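The block underneath contains the structure these notes are about, expressed in structure tokens.
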There are 4 protein chains.
Amino acid sequence: MDDRHRLDQVKELFHSIEELIPFNRYLGLQTESIDHEGAVVHLDMRDELIGNFRDGLLHGGVISATFDVVGGMAAMATAVLRGASIEESLQRLRPTSTIDLRVDYLRPGAGRRFTARGFTLRAGSRVAVTRMELHNERDELLAVGTGTYIYNYADQ
Amino acid sequence: MDDRHRLDQVKELFHSIEELIPFNRYLGLQTESIDHEGAVVHLDMRDELIGNFRDGLLHGGVISATFDVVGGMAAMATAVLRGASIEESLQRLRPTSTIDLRVDYLRPGAGRRFTARGFTLRAGSRVAVTRMELHNERDELLAVGTGTYIYNYADQ
Amino acid sequence: MDDRHRLDQVKELFHSIEELIPFNRYLGLQTESIDHEGAVVHLDMRDELIGNFRDGLLHGGVISATFDVVGGMAAMATAVLRGASIEESLQRLRPTSTIDLRVDYLRPGAGRRFTARGFTLRAGSRVAVTRMELHNERDELLAVGTGTYIYNYADQ
Amino acid sequence: MDDRHRLDQVKELFHSIEELIPFNRYLGLQTESIDHEGAVVHLDMRDELIGNFRDGLLHGGVISATFDVVGGMAAMATAVLRGASIEESLQRLRPTSTIDLRVDYLRPGAGRRFTARGFTLRAGSRVAVTRMELHNERDELLAVGTGTYIYNYADQ
């Protein structure tokens, strides 16, 4: 199977994750791209996501939740795409479990459309470490993060 | 003014924060208690907060968002209650800004009703560090966290 | 084998770790106690461990290094002591690898003798999460930390 | 004063920090460069810095200590170099205090010569957040980190 086909399958998987997980749907996360190094999702500002009522800024908890999701996607993508057979990978792999998450809030969460990127820094057989970044539509870096995830397998 | 009266004022302030911040309202955070050492909030399980559709577990992002809020409440409470005059404190203090947040997920987020506690570990004039814990209704410790917050003042 | 005997064996193991690891010897870490919930080590102030030459405070890096060690000890102790056979555990288990470490510096590192405690918060088959605390001889809490460790086995 | 002159002054300041702080001297940290975005230090492997006696790897605590130092240097450099007058900055600024530090260990600490870089991600008037990276002489990324620092001023 060629790489493009594999990526399509992974995107489909992640699309179903977006749709199936109620809280992700509430956040409004939209997957833009997936490759073996990571994942990119978008998020549009809405009143419901506001954390600071005076200035209309994105809630810090929306940022941490988005980082948790995009970091887990990056960890999954790396694991699926490095396998010899993507069908086998997709059958064996269960959604990752987050062990820990760190978020650094660099600037107030101002913007209309946000882009969160997850990059896999390390992916062993059992544990992955990912790096996350959040930019607004003016390409300002608002927050960075780091996540550690456990890989779960169906046969364990 | 006696201590009970001060606490009542702080609770009222926090109640208005719950009501005024849309994302907190979505999470359904209910403040139980506030004192000079910290804050306690409750959170009831709902379908919208699910992160794992197979097992119906609380979304990791709900936990990180709740920790961000209850840690900030603890930092605020400590600052307000140590002041000589609570009226003055409430006038000067603006909501804290989160600098960074770490969450450690210890057990799957199973439960019907969750309790999040924030404790102030250090509160200087500019920065506070808080510790957070999440238990379910069976008193199982599901997650712990640490947050660092900046104090903002109206006159700065 | 009774519990006391098991603890003695673990202490002996850790004593050899202190002696065999050059950097631990330089720090001067002395194991006080070990049990299934964690570990306690002591550290005496010396000129070589100073990080602030004006005030003679303990270097933040000494604190982070000590937390890395005592957290790893706690994770190891929990793994060894929960096994059915301590001999088997000691043969199978290799020193843990640190995945990540967070340190929160609460107060300046003033003191003559420091006590670092590591507590195991979660210990799965593959990953452990620990909590650490540093006090001085006046029982002031100077720093707290959290570590995540991978268990390594000889047969993997 | 031209920029080169300013950088020279900052380098001199940091050189004296290396020499004056006993624990930095023990680690053997050598400052390579400083600019307004961050700092770079080198570290040579020595037996005393070993954490794993079987494989001769760098101790995780040496890495966390080095990150604490190079992150603080980056935060200081940014604060000094953005000021209108470097003389004034150097007189007003005291060494930063670390609030918190996170280290992610990505690969075993193998190598003969290590390079640690600190980048300033955010520098407000009171608090700075920095990012750190450690590479060995084969340019392998061994660890990343994040630090939060408070700026201290002589006149406060």
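By convention in this document, the chains of the structure tokens carry letters A, B, ... by their order, each chain's residues are numbered from 1, and ligands are numbered from 1 in the order they are shown.
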
Can you list every residue of chain B that has an atom at most 10 Å from chain C, with its nearest atom pair and the distance in Å to one decimal, using only C-alpha atoms, ordered by chain then number, as a Markdown table?
```
| residue | atom | partner | partner_atom | distance |
| --- | --- | --- | --- | --- |
| B:Arg102 | CA | C:Arg102 | CA | 8.4 |
| B:Val103 | CA | C:Thr146 | CA | 9.9 |
| B:Asp104 | CA | C:Val129 | CA | 7.8 |
| B:Tyr105 | CA | C:Val129 | CA | 9.0 |
| B:Leu106 | CA | C:Arg122 | CA | 5.8 |
| B:Arg107 | CA | C:Arg122 | CA | 8.0 |
| B:Leu121 | CA | C:Leu106 | CA | 7.3 |
| B:Arg122 | CA | C:Leu106 | CA | 5.9 |
| B:Ala123 | CA | C:Leu106 | CA | 8.8 |
| B:Gly124 | CA | C:Leu106 | CA | 9.5 |
| B:Ala128 | CA | C:Leu106 | CA | 9.2 |
| B:Val129 | CA | C:Leu106 | CA | 7.7 |
| B:Thr130 | CA | C:Asp104 | CA | 9.7 |
| B:Arg131 | CA | C:Val144 | CA | 9.7 |
| B:Leu141 | CA | C:Leu121 | CA | 9.1 |
| B:Leu142 | CA | C:Arg122 | CA | 9.8 |
| B:Ala143 | CA | C:Leu121 | CA | 9.4 |
| B:Val144 | CA | C:Leu121 | CA | 9.1 |
| B:Gly145 | CA | C:Thr146 | CA | 9.1 |
| B:Thr146 | CA | C:Asp104 | CA | 8.5 |
| B:Gly147 | CA | C:Asp104 | CA | 9.4 |
| B:Thr148 | CA | C:Asp104 | CA | 9.0 |
```

Strand (DSSP E) positions in range 47-155 of chain C, given as a PyMOL selection string
chain C and resi 50-52+57-58+93-105+113-123+127-135+141-153

Within 7 Å of range 81-98 of chain A using only C-alpha atoms, minus same-chain residues under 2 positions, as a PyMOL selection string:
(chain A and resi 6+36+72+76-79+100+148-155) or (chain B and resi 105)

Could you save the residues just selected, with C-alpha atoms, as an mmCIF file, in the first residue's frame?
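Result written to selection-v1.cif:
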```
data_model
loop_
_atom_site.group_PDB
_atom_site.id
_atom_site.type_symbol
_atom_site.label_atom_id
_atom_site.label_comp_id
_atom_site.auth_asym_id
_atom_site.auth_seq_id
_atom_site.Cartn_x
_atom_site.Cartn_y
_atom_site.Cartn_z
ATOM 1 C CA ARG A 6 -2.064 4.925 4.484
ATOM 2 C CA HIS A 36 4.272 10.239 10.450
ATOM 3 C CA GLY A 72 -2.434 11.920 21.333
ATOM 4 C CA MET A 76 -1.044 7.507 17.283
ATOM 5 C CA ALA A 77 -0.036 8.673 13.813
ATOM 6 C CA THR A 78 3.625 7.892 14.431
ATOM 7 C CA ALA A 79 2.793 4.421 15.727
ATOM 8 C CA ASP A 100 0.932 13.584 31.752
ATOM 9 C CA THR A 148 3.503 11.777 27.510
ATOM 10 C CA TYR A 149 1.282 8.944 26.257
ATOM 11 C CA ILE A 150 1.071 5.185 26.738
ATOM 12 C CA TYR A 151 0.361 3.001 23.719
ATOM 13 C CA ASN A 152 -2.424 0.505 24.305
ATOM 14 C CA TYR A 153 -2.697 -2.658 22.237
ATOM 15 C CA ALA A 154 -5.738 -4.822 21.744
ATOM 16 C CA ASP A 155 -3.754 -7.967 22.528
ATOM 17 C CA TYR B 105 -3.436 11.157 34.890
#
```

Quick one: everything within 9 Å of Ile63 in chain B, counting only C-alpha atoms, minus sequence neighbours fewer than 2 positions away in the same chain. Send it as an NGL selection string.
(:A and (61 or 65)) or (:B and (58-61 or 65-68 or 103 or 105 or 109 or 116 or 134 or 143))

Atomic distance CA of His42 in chain C - CA of Asp44 in chain D, expressed in Å with one decimal:
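Those two atoms sit 28.2 Å apart.
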
Could you tell me which of D:Val80, D:Val70, D:Ile21, D:Met45 comes closest to Leu57 in chain C if we count only C-alpha atoms?
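Nearest candidate to Leu57 in chain C out of D:Val80, D:Val70, D:Ile21, D:Met45: D:Ile21.
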
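The smallest atom-to-atom distance between Gly38 in chain D and any of D:Leu7, D:Ile50, D:Ala75, D:Ala110, using only C-alpha atoms, is found for D:Ala75.
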